[in-house]
Each structure stands twice: as C-alpha cells, then as structure tokens.
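What's in structure.pdb: PDB, C-alpha atoms and all ligand atoms
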ATOM      1  CA  MET J   1       0.000   0.000   0.000
ATOM      2  CA  ASP J   2       0.997   3.648  -0.307
ATOM      3  CA  PRO J   3       2.983   5.055   2.612
ATOM      4  CA  VAL J   4       1.606   7.294   5.327
ATOM      5  CA  VAL J   5       3.663  10.453   5.832
ATOM      6  CA  VAL J   6       4.289  11.388   9.474
ATOM      7  CA  GLY J   7       5.554  14.907  10.167
ATOM      8  CA  ILE J   8       6.921  15.559  13.656
ATOM      9  CA  SER J   9       7.111  19.236  14.569
ATOM     10  CA  GLY J  10       8.337  21.009  17.682
ATOM     11  CA  ALA J  11       5.254  21.010  19.886
ATOM     12  CA  SER J  12       5.024  19.109  23.130
ATOM     13  CA  GLY J  13       3.930  15.496  22.652
ATOM     14  CA  SER J  14       6.832  13.596  21.095
ATOM     15  CA  ILE J  15       5.290  10.392  22.455
ATOM     16  CA  LEU J  16       2.329  10.886  20.118
ATOM     17  CA  ALA J  17       4.621  10.666  17.099
ATOM     18  CA  GLN J  18       6.453   7.669  18.519
ATOM     19  CA  ARG J  19       3.257   5.720  19.205
ATOM     20  CA  ALA J  20       1.727   6.640  15.832
ATOM     21  CA  ILE J  21       4.753   5.439  13.864
ATOM     22  CA  GLU J  22       4.935   2.234  15.892
ATOM     23  CA  ALA J  23       1.186   1.587  15.419
ATOM     24  CA  LEU J  24       1.587   1.967  11.650
ATOM     25  CA  LEU J  25       4.709  -0.215  11.451
ATOM     26  CA  ASN J  26       3.067  -2.880  13.660
ATOM     27  CA  ARG J  27       0.331  -3.117  11.016
ATOM     28  CA  GLU J  28       2.985  -3.291   8.270
ATOM     29  CA  ILE J  29       1.859   0.041   6.847
ATOM     30  CA  PRO J  30       4.755   1.864   5.150
ATOM     31  CA  VAL J  31       5.782   5.108   6.852
ATOM     32  CA  ILE J  32       7.786   8.058   5.567
ATOM     33  CA  ALA J  33       8.751  10.355   8.434
ATOM     34  CA  THR J  34      10.355  13.742   8.755
ATOM     35  CA  CYS J  35      11.156  15.654  11.929
ATOM     36  CA  SER J  36      11.903  19.365  12.426
ATOM     37  CA  SER J  37      14.934  20.611  14.343
ATOM     38  CA  ALA J  38      12.670  21.952  17.093
ATOM     39  CA  ALA J  39      10.951  18.566  17.339
ATOM     40  CA  ARG J  40      14.309  16.959  18.084
ATOM     41  CA  MET J  41      14.832  19.487  20.903
ATOM     42  CA  VAL J  42      11.405  18.709  22.364
ATOM     43  CA  TRP J  43      12.092  14.963  22.015
ATOM     44  CA  GLN J  44      15.258  15.412  24.070
ATOM     45  CA  GLU J  45      13.206  17.071  26.835
ATOM     46  CA  GLU J  46      10.326  14.622  26.871
ATOM     47  CA  MET J  47      11.513  11.160  25.889
ATOM     48  CA  GLU J  48      13.594   8.564  27.684
ATOM     49  CA  GLU J  49      15.887   7.812  24.751
ATOM     50  CA  PRO J  50      17.457  10.141  22.151
ATOM     51  CA  PHE J  51      15.611  10.630  18.860
ATOM     52  CA  GLY J  52      18.527   9.011  17.006
ATOM     53  CA  THR J  53      18.150   5.786  18.999
ATOM     54  CA  THR J  54      14.436   5.550  18.269
ATOM     55  CA  LEU J  55      15.049   6.436  14.626
ATOM     56  CA  ALA J  56      17.635   3.660  14.304
ATOM     57  CA  ARG J  57      15.097   1.152  15.657
ATOM     58  CA  TRP J  58      12.421   2.292  13.183
ATOM     59  CA  GLN J  59      14.962   2.017  10.381
ATOM     60  CA  GLU J  60      15.269  -1.716  11.071
ATOM     61  CA  SER J  61      11.841  -2.017   9.436
ATOM     62  CA  ALA J  62      11.768  -2.280   5.637
ATOM     63  CA  ASN J  63       8.529  -0.296   5.808
ATOM     64  CA  PHE J  64      10.183   2.769   7.306
ATOM     65  CA  THR J  65      11.843   5.652   5.468
ATOM     66  CA  TYR J  66      13.249   8.788   7.070
ATOM     67  CA  CYS J  67      13.706  12.028   5.131
ATOM     68  CA  PRO J  68      15.740  14.870   6.680
ATOM     69  CA  ILE J  69      13.714  18.045   7.216
ATOM     70  CA  GLY J  70      15.926  20.029   4.837
ATOM     71  CA  ASP J  71      15.689  17.542   1.983
ATOM     72  CA  LEU J  72      13.339  19.377  -0.350
ATOM     73  CA  LYS J  73      14.218  16.861  -3.086
ATOM     74  CA  ALA J  74      12.746  13.962  -1.087
ATOM     75  CA  PRO J  75       9.949  12.041  -2.844
ATOM     76  CA  ILE J  76       7.247  13.418  -0.510
ATOM     77  CA  ALA J  77       8.046  16.944  -1.726
ATOM     78  CA  SER J  78       6.347  16.048  -5.006
ATOM     79  CA  GLY J  79       2.744  15.221  -5.767
ATOM     80  CA  THR J  80       3.892  12.552  -8.211
ATOM     81  CA  THR J  81       4.788  10.309  -5.252
ATOM     82  CA  PRO J  82       1.600   8.522  -4.191
ATOM     83  CA  THR J  83       0.873   8.507  -0.460
ATOM     84  CA  ALA J  84      -2.042   7.497   1.754
ATOM     85  CA  GLY J  85      -2.036  10.961   3.338
ATOM     86  CA  MET J  86      -0.168  12.655   6.138
ATOM     87  CA  ILE J  87      -0.358  13.187   9.873
ATOM     88  CA  VAL J  88       1.402  16.136  11.508
ATOM     89  CA  MET J  89       1.725  15.016  15.114
ATOM     90  CA  PRO J  90       2.393  16.916  17.226
ATOM     91  CA  CYS J  91       1.813  20.106  15.220
ATOM     92  CA  SER J  92       3.378  23.307  16.571
ATOM     93  CA  ALA J  93       1.693  26.688  16.200
ATOM     94  CA  SER J  94       4.521  27.638  13.873
ATOM     95  CA  THR J  95       4.033  24.644  11.567
ATOM     96  CA  LEU J  96       0.254  25.125  11.736
ATOM     97  CA  ALA J  97       0.699  28.698  10.480
ATOM     98  CA  ALA J  98       3.105  27.655   7.743
ATOM     99  CA  ILE J  99       0.759  24.945   6.439
ATOM    100  CA  ALA J 100      -2.286  27.229   6.606
ATOM    101  CA  HIS J 101      -0.441  29.826   4.537
ATOM    102  CA  GLY J 102       1.346  27.534   2.095
ATOM    103  CA  LEU J 103       4.848  28.554   3.133
ATOM    104  CA  SER J 104       6.646  25.223   2.556
ATOM    105  CA  THR J 105       9.925  26.368   4.088
ATOM    106  CA  ASN J 106      10.936  22.820   5.051
ATOM    107  CA  LEU J 107      10.107  19.268   3.959
ATOM    108  CA  LEU J 108       7.367  18.775   6.562
ATOM    109  CA  GLN J 109       5.533  21.913   5.453
ATOM    110  CA  ARG J 110       6.048  21.085   1.779
ATOM    111  CA  ALA J 111       4.732  17.525   2.210
ATOM    112  CA  ALA J 112       1.613  18.939   3.901
ATOM    113  CA  ASP J 113       1.215  21.444   1.070
ATOM    114  CA  VAL J 114       1.429  18.544  -1.403
ATOM    115  CA  CYS J 115      -1.415  16.793   0.466
ATOM    116  CA  LEU J 116      -3.536  19.935   0.177
ATOM    117  CA  LYS J 117      -2.891  20.455  -3.525
ATOM    118  CA  GLU J 118      -3.406  16.771  -4.339
ATOM    119  CA  ARG J 119      -6.517  16.685  -2.120
ATOM    120  CA  ARG J 120      -5.143  13.845  -0.008
ATOM    121  CA  ARG J 121      -6.026  13.272   3.615
ATOM    122  CA  LEU J 122      -4.202  15.542   6.016
ATOM    123  CA  VAL J 123      -4.576  15.239   9.785
ATOM    124  CA  ILE J 124      -2.981  17.760  12.112
ATOM    125  CA  VAL J 125      -2.678  17.419  15.878
ATOM    126  CA  PRO J 126      -2.048  20.983  17.094
ATOM    127  CA  ARG J 127      -0.660  21.276  20.626
ATOM    128  CA  GLU J 128      -0.716  24.671  22.244
ATOM    129  CA  THR J 129      -2.636  26.128  25.143
ATOM    130  CA  PRO J 130      -4.181  28.564  25.444
ATOM    131  CA  VAL J 131      -4.703  29.225  21.750
ATOM    132  CA  SER J 132      -4.619  32.714  20.269
ATOM    133  CA  THR J 133      -6.970  34.082  17.657
ATOM    134  CA  ILE J 134      -4.178  33.545  15.120
ATOM    135  CA  HIS J 135      -4.009  29.834  16.004
ATOM    136  CA  LEU J 136      -7.789  29.519  15.809
ATOM    137  CA  GLU J 137      -7.912  31.262  12.438
ATOM    138  CA  ASN J 138      -5.180  29.026  11.062
ATOM    139  CA  MET J 139      -7.050  25.927  12.262
ATOM    140  CA  LEU J 140     -10.240  27.257  10.674
ATOM    141  CA  THR J 141      -8.416  27.872   7.387
ATOM    142  CA  LEU J 142      -7.209  24.272   7.316
ATOM    143  CA  SER J 143     -10.534  22.831   8.435
ATOM    144  CA  ARG J 144     -12.253  24.629   5.558
ATOM    145  CA  LEU J 145      -9.751  22.976   3.202
ATOM    146  CA  GLY J 146     -10.858  19.550   4.440
ATOM    147  CA  VAL J 147      -8.027  18.989   6.905
ATOM    148  CA  THR J 148      -8.876  17.066  10.099
ATOM    149  CA  VAL J 149      -7.862  19.261  13.033
ATOM    150  CA  LEU J 150      -7.527  16.944  16.025
ATOM    151  CA  PRO J 151      -6.226  18.556  19.230
ATOM    152  CA  PRO J 152      -4.656  15.978  21.567
ATOM    153  CA  GLU J 153      -7.434  16.072  24.141
ATOM    154  CA  PRO J 154      -8.108  13.195  26.529
ATOM    155  CA  ALA J 155     -11.470  11.410  26.539
ATOM    156  CA  PHE J 156     -12.136  11.759  30.255
ATOM    157  CA  TYR J 157     -15.324   9.720  29.895
ATOM    158  CA  LEU J 158     -13.130   6.664  29.178
ATOM    159  CA  HIS J 159     -11.497   7.065  32.604
ATOM    160  CA  PRO J 160      -7.884   6.876  31.366
ATOM    161  CA  ALA J 161      -5.641   5.335  34.005
ATOM    162  CA  SER J 162      -2.331   6.554  32.568
ATOM    163  CA  VAL J 163      -0.705   8.930  30.124
ATOM    164  CA  GLY J 164      -0.314   5.873  27.897
ATOM    165  CA  ASP J 165      -4.098   5.417  27.788
ATOM    166  CA  ILE J 166      -4.540   9.043  26.749
ATOM    167  CA  VAL J 167      -1.815   8.787  24.104
ATOM    168  CA  ASP J 168      -3.290   5.577  22.674
ATOM    169  CA  PHE J 169      -6.713   7.221  22.401
ATOM    170  CA  ILE J 170      -5.373  10.288  20.581
ATOM    171  CA  VAL J 171      -3.164   8.236  18.253
ATOM    172  CA  GLY J 172      -6.082   5.922  17.498
ATOM    173  CA  ARG J 173      -8.352   8.838  16.632
ATOM    174  CA  ALA J 174      -5.691  10.426  14.420
ATOM    175  CA  LEU J 175      -5.042   7.196  12.523
ATOM    176  CA  ASP J 176      -8.780   6.594  12.168
ATOM    177  CA  ALA J 177      -9.036  10.033  10.565
ATOM    178  CA  LEU J 178      -6.672   8.894   7.795
ATOM    179  CA  GLY J 179      -9.377   6.439   6.733
ATOM    180  CA  LEU J 180      -7.057   3.440   6.454
ATOM    181  CA  PRO J 181      -8.903   0.093   6.364
ATOM    182  CA  GLU J 182      -6.381  -1.239   8.885
ATOM    183  CA  PHE J 183      -7.839   1.107  11.503
ATOM    184  CA  LEU J 184     -11.536   0.559  10.857
ATOM    185  CA  ASP J 185     -11.726  -1.450  14.071
ATOM    186  CA  GLY J 186     -11.004   1.802  15.901
ATOM    187  CA  ARG J 187     -14.281   1.846  17.796
ATOM    188  CA  LEU J 188     -13.148  -1.178  19.789
ATOM    189  CA  ARG J 189     -10.415   0.879  21.375
ATOM    190  CA  TYR J 190     -12.756   3.550  22.640
ATOM    191  CA  GLN J 191     -14.678   1.490  25.122
ATOM    192  CA  ARG J 192     -14.580   2.299  28.792
ATOM    193  CA  ARG J 193     -11.826   0.465  30.634
ATOM    194  CA  SER J 194     -14.400  -1.412  32.702
ATOM    195  CA  GLU J 195     -16.133  -2.837  29.607
TER     196      GLU J 195
HETATM  197  C1  LIG C   1      10.397  21.824  25.226
HETATM  198  C2  LIG C   1       9.640  22.630  24.200
HETATM  199  C3  LIG C   1       8.256  22.508  24.136
HETATM  200  C4  LIG C   1       7.528  23.241  23.189
HETATM  201  N1  LIG C   1       6.169  23.060  23.148
HETATM  202  C5  LIG C   1       5.466  23.709  22.179
HETATM  203  C6  LIG C   1       4.061  23.448  22.056
HETATM  204  O1  LIG C   1       3.465  22.656  22.770
HETATM  205  N2  LIG C   1       3.399  24.081  21.057
HETATM  206  C7  LIG C   1       4.025  24.943  20.182
HETATM  207  O2  LIG C   1       3.361  25.476  19.284
HETATM  208  N3  LIG C   1       5.356  25.221  20.312
HETATM  209  C8  LIG C   1       6.085  24.619  21.267
HETATM  210  N4  LIG C   1       7.431  24.869  21.390
HETATM  211  C9  LIG C   1       8.042  25.896  20.523
HETATM  212  C10 LIG C   1       8.362  25.370  19.129
HETATM  213  O3  LIG C   1       9.270  24.281  19.235
HETATM  214  C11 LIG C   1       8.968  26.513  18.277
HETATM  215  O4  LIG C   1       7.969  27.481  17.982
HETATM  216  C12 LIG C   1       9.605  26.016  17.001
HETATM  217  O5  LIG C   1      10.056  27.131  16.261
HETATM  218  C13 LIG C   1       8.652  25.208  16.148
HETATM  219  O6  LIG C   1       9.336  24.832  14.964
HETATM  220  P1  LIG C   1       8.723  23.748  13.971
HETATM  221  O7  LIG C   1       7.288  24.137  13.775
HETATM  222  O8  LIG C   1       9.521  23.901  12.714
HETATM  223  O9  LIG C   1       8.896  22.421  14.567
HETATM  224  C14 LIG C   1       8.191  24.145  22.311
HETATM  225  C15 LIG C   1       9.593  24.258  22.390
HETATM  226  C16 LIG C   1      10.293  23.518  23.319
HETATM  227  C17 LIG C   1      11.795  23.650  23.360
END
Would you put the structure from the file into structure tokens?
Amino acid sequence: MDPVVVGISGASGSILAQRAIEALLNREIPVIATCSSAARMVWQEEMEEPFGTTLARWQESANFTYCPIGDLKAPIASGTTPTAGMIVMPCSASTLAAIAHGLSTNLLQRAADVCLKERRRLVIVPRETPVSTIHLENMLTLSRLGVTVLPPEPAFYLHPASVGDIVDFIVGRALDALGLPEFLDGRLRYQRRSE
C-alpha cells in the first residue's frame, strides 16, 4: 500500500509521534517520516531515549523511510509520489501557520502542502494552550480545506488510568481520521476500561 507520511514538529507530545509510527509499522503500513529541528529538541526534553536511537530502531523495518527536514528533493516533496495521506503530530503553532499559509519552508511543510494540492487526507494534531486568535484562524483555514484538526485532548469519559491510555486514544483517533482500512476497528479501542 501507499505510505503514510508522518511529520513531527516542535510542539510538546513527542510520544504521540512515537506511538503513531509504531502503530503503523506494527500493522505493516509503510511510513515516511520527517522531523523538524525543534521537534528533536522537544524529544530530548520529553523522551527517555534520544531521537537518534528511536530512529535507528524504526529504520530496522523495511517499511520505514526517514527524510531529513531540509531535503526538499525527497519524494514526498512532489505530488507525483503517491501517499495514503499525512499526519502532523504533534503540530506546533509555527508549523500550523506555515501549512495554513502555504509557506513550505521545510520538507514537513512542503509535504503537507502537497497533500492539500493533491486533495489527499491531512490530519494535524495541534498542541498549544491557550490558543490565540491567530491559532484559531489558522485551524479554521485548514478545516475549511478539508483537513482534520484533532487537538490531543483526553477522553475523560473513558477514565484513562495513565498517560499511555490518553496517548493511545489520541493516536487511534488520528489514525482513524486517515481512513485506512487497517484502523476501521477503531471503535473497539474507545470502550470504557471497565467494559
Ligand atoms: C520543550 C519545548 C516545548 C515546546 N512546546 C510547544 C508546544 O506545545 N506548542 C508549540 O506550538 N510550540 C512549542 N514549542 C516551541 C516550538 O518548538 C517553536 O515554535 C519552534 O520554532 C517550532 O518549529 P517547527 O514548527 O519547525 O517544529 C516548544 C519548544 C520547546 C523547546
């Protein structure tokens, strides 16, 4: 099948990107990932192992490809490369603004712009609080273009017992939004823990 593009930008929530990529690879779905410089800094703050160590593990999978953020000649910079869509997770306010305004100053932003112009699925997981009017307007711009805007909010009604539960819920919802058949069983994951 066509690969899913995962863009990791410099908002809090590195674990969301890690879990999403691992969920895709566990289902043998090809992944092409790119990660901004700021995202690497956030990863260093939030995660137990360096980004390079995690990246090396992903690269053991034949289904995984990594493209450096500055590589504007990478296949995902062109609409001629077929993909199953893209998730930007987590999505910083800066990357949100760049995508909403078509700036394409790095590979992540360009790959998202390609999804918009090719009318492919694009899911963004913006993480900032509180949000300014600028952030809200940028989210509205993307929503009107058909982008799924999915803030990483917990489902308190599911009584999550850990951060891991919350992360799994958000990742599940984001992957569901891509519309991949592999995730059509998503509803099963959203039952209350006691069920
Ligand atoms: C530890 C850390 C946490 C951050 N958390 C956020 C955040 O949650 N949301 C956000 O919009 N920016 C956050 N930032 C700021 C962004 O990383 C910064 O605006 C950066 O320029 C974003 O670049 P990028 O969009 O190219 O990844 C954080 C920065 C650091 C160092």
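Nearest to ligand LIG 1 (chain C) of all the residues J:Met1, J:Ile87, J:Leu72, J:Ala98 is J:Ala98, based on all atoms listed in the file.
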Inset, instruction - Take the point (4.7, -2.2, 12.7) in the file's coordinates, draw a sphere of radius 12 Å around it, and report as a PyMOL selection string every protein, DNA or RNA residue with an atom inside or on it, counting only C-alpha atoms. - result: chain J and resi 18-31+57-64+182
For chain J versus ligand LIG 1 (chain C), which residues have an atom no more than 12 Å away, and what is each residue's nearest atom pair and distance in Å rounded to one decimal, using only C-alpha atoms and all ligand atoms, chain-then-number order, as CSV?
residue,atom,partner,partner_atom,distance
J:Gly7,CA,C:LIG1,O9,9.3
J:Ile8,CA,C:LIG1,O9,7.2
J:Ser9,CA,C:LIG1,O9,3.7
J:Gly10,CA,C:LIG1,O9,3.5
J:Ala11,CA,C:LIG1,C6,3.5
J:Ser12,CA,C:LIG1,O1,3.9
J:Gly13,CA,C:LIG1,O1,7.2
J:Ser14,CA,C:LIG1,C3,9.5
J:Thr34,CA,C:LIG1,O9,10.5
J:Cys35,CA,C:LIG1,O9,7.6
J:Ser36,CA,C:LIG1,O9,4.8
J:Ser37,CA,C:LIG1,O9,6.3
J:Ala38,CA,C:LIG1,O9,4.6
J:Ala39,CA,C:LIG1,O9,5.2
J:Arg40,CA,C:LIG1,O9,8.5
J:Met41,CA,C:LIG1,C17,5.7
J:Val42,CA,C:LIG1,C1,4.3
J:Trp43,CA,C:LIG1,C1,7.8
J:Gln44,CA,C:LIG1,C1,8.1
J:Glu45,CA,C:LIG1,C1,5.8
J:Glu46,CA,C:LIG1,C1,7.4
J:Met47,CA,C:LIG1,C1,10.7
J:Ile69,CA,C:LIG1,O8,9.1
J:Gly70,CA,C:LIG1,O8,10.9
J:Val88,CA,C:LIG1,O7,10.2
J:Met89,CA,C:LIG1,O9,10.3
J:Pro90,CA,C:LIG1,O1,8.1
J:Cys91,CA,C:LIG1,O2,6.9
J:Ser92,CA,C:LIG1,O2,3.5
J:Ala93,CA,C:LIG1,O2,3.7
J:Ser94,CA,C:LIG1,O7,4.5
J:Thr95,CA,C:LIG1,O7,4.0
J:Leu96,CA,C:LIG1,O7,7.4
J:Ala97,CA,C:LIG1,O7,8.7
J:Ala98,CA,C:LIG1,O7,8.1
J:Ile99,CA,C:LIG1,O7,9.9
J:Leu103,CA,C:LIG1,O8,11.6
J:Ser104,CA,C:LIG1,O8,10.6
J:Thr105,CA,C:LIG1,O8,9.0
J:Asn106,CA,C:LIG1,O8,7.9
J:Leu107,CA,C:LIG1,O8,9.9
J:Leu108,CA,C:LIG1,O8,8.3
J:Gln109,CA,C:LIG1,O8,8.5
J:Arg110,CA,C:LIG1,O8,11.8
J:Val125,CA,C:LIG1,N2,10.4
J:Pro126,CA,C:LIG1,O2,7.4
J:Arg127,CA,C:LIG1,O1,4.8
J:Glu128,CA,C:LIG1,N2,4.3
J:Thr129,CA,C:LIG1,O1,7.4
J:Pro130,CA,C:LIG1,N2,9.8
J:Val131,CA,C:LIG1,O2,9.2
J:Ser132,CA,C:LIG1,O2,10.8
J:Ile134,CA,C:LIG1,O2,11.8
J:His135,CA,C:LIG1,O2,9.2
J:Pro151,CA,C:LIG1,O1,11.1
J:Pro152,CA,C:LIG1,O1,10.6
With C-alpha atoms kept, could you save the residues just selected as a CSV table (one decimal), keeping the file's coordinate frame?
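As a result, again_39.csv now contains:
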chain,number,residue,atom,x,y,z
J,7,GLY,CA,5.6,14.9,10.2
J,8,ILE,CA,6.9,15.6,13.7
J,9,SER,CA,7.1,19.2,14.6
J,10,GLY,CA,8.3,21.0,17.7
J,11,ALA,CA,5.3,21.0,19.9
J,12,SER,CA,5.0,19.1,23.1
J,13,GLY,CA,3.9,15.5,22.7
J,14,SER,CA,6.8,13.6,21.1
J,34,THR,CA,10.4,13.7,8.8
J,35,CYS,CA,11.2,15.7,11.9
J,36,SER,CA,11.9,19.4,12.4
J,37,SER,CA,14.9,20.6,14.3
J,38,ALA,CA,12.7,22.0,17.1
J,39,ALA,CA,11.0,18.6,17.3
J,40,ARG,CA,14.3,17.0,18.1
J,41,MET,CA,14.8,19.5,20.9
J,42,VAL,CA,11.4,18.7,22.4
J,43,TRP,CA,12.1,15.0,22.0
J,44,GLN,CA,15.3,15.4,24.1
J,45,GLU,CA,13.2,17.1,26.8
J,46,GLU,CA,10.3,14.6,26.9
J,47,MET,CA,11.5,11.2,25.9
J,69,ILE,CA,13.7,18.0,7.2
J,70,GLY,CA,15.9,20.0,4.8
J,88,VAL,CA,1.4,16.1,11.5
J,89,MET,CA,1.7,15.0,15.1
J,90,PRO,CA,2.4,16.9,17.2
J,91,CYS,CA,1.8,20.1,15.2
J,92,SER,CA,3.4,23.3,16.6
J,93,ALA,CA,1.7,26.7,16.2
J,94,SER,CA,4.5,27.6,13.9
J,95,THR,CA,4.0,24.6,11.6
J,96,LEU,CA,0.3,25.1,11.7
J,97,ALA,CA,0.7,28.7,10.5
J,98,ALA,CA,3.1,27.7,7.7
J,99,ILE,CA,0.8,24.9,6.4
J,103,LEU,CA,4.8,28.6,3.1
J,104,SER,CA,6.6,25.2,2.6
J,105,THR,CA,9.9,26.4,4.1
J,106,ASN,CA,10.9,22.8,5.1
J,107,LEU,CA,10.1,19.3,4.0
J,108,LEU,CA,7.4,18.8,6.6
J,109,GLN,CA,5.5,21.9,5.5
J,110,ARG,CA,6.0,21.1,1.8
J,125,VAL,CA,-2.7,17.4,15.9
J,126,PRO,CA,-2.0,21.0,17.1
J,127,ARG,CA,-0.7,21.3,20.6
J,128,GLU,CA,-0.7,24.7,22.2
J,129,THR,CA,-2.6,26.1,25.1
J,130,PRO,CA,-4.2,28.6,25.4
J,131,VAL,CA,-4.7,29.2,21.8
J,132,SER,CA,-4.6,32.7,20.3
J,134,ILE,CA,-4.2,33.5,15.1
J,135,HIS,CA,-4.0,29.8,16.0
J,151,PRO,CA,-6.2,18.6,19.2
J,152,PRO,CA,-4.7,16.0,21.6
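Here CA of Pro181 (chain J) is placed at a distance of 18.8 Å from CA of Arg119 (chain J).
With all atoms listed in the file as the basis for measurement, J:Asp71 is the residue among J:Asp71, J:Asp168, J:Glu137, J:Asp113 that approaches Ala33 (chain J) most closely.
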Legend entry - Pick from J:Leu178, J:Ala84, J:Ala161, J:Ala100, whichever lies nearest to Asn138 (chain J) using only C-alpha atoms: J:Ala100
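If you look at CA of Ala17 (chain J) and CA of Pro75 (chain J), they are 20.7 Å away from each other.
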Legend entry - Among the residues J:Pro68, J:Ile15, J:Gly146, J:Val6, the one that comes closest to Gly164 (chain J) [using all atoms listed in the file]: J:Ile15
Taking (-4.5, 9.2, 23.5) in the file's own coordinates, collect the residues within 10 Å, counting all atoms listed in the file, and hand them back as a compact mmCIF listing (two decimals) with C-alpha atoms, in the frame of the given file.
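And here's result-v2.txt as it stands now:
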# COMPACT_ATOMS: atom_id res chain seq x y z
CA ILE J 15 5.29 10.39 22.46
CA LEU J 16 2.33 10.89 20.12
CA ARG J 19 3.26 5.72 19.20
CA PRO J 152 -4.66 15.98 21.57
CA GLU J 153 -7.43 16.07 24.14
CA PRO J 154 -8.11 13.20 26.53
CA ALA J 155 -11.47 11.41 26.54
CA PRO J 160 -7.88 6.88 31.37
CA SER J 162 -2.33 6.55 32.57
CA VAL J 163 -0.70 8.93 30.12
CA GLY J 164 -0.31 5.87 27.90
CA ASP J 165 -4.10 5.42 27.79
CA ILE J 166 -4.54 9.04 26.75
CA VAL J 167 -1.82 8.79 24.10
CA ASP J 168 -3.29 5.58 22.67
CA PHE J 169 -6.71 7.22 22.40
CA ILE J 170 -5.37 10.29 20.58
CA VAL J 171 -3.16 8.24 18.25
CA GLY J 172 -6.08 5.92 17.50
CA ARG J 173 -8.35 8.84 16.63
CA ALA J 174 -5.69 10.43 14.42
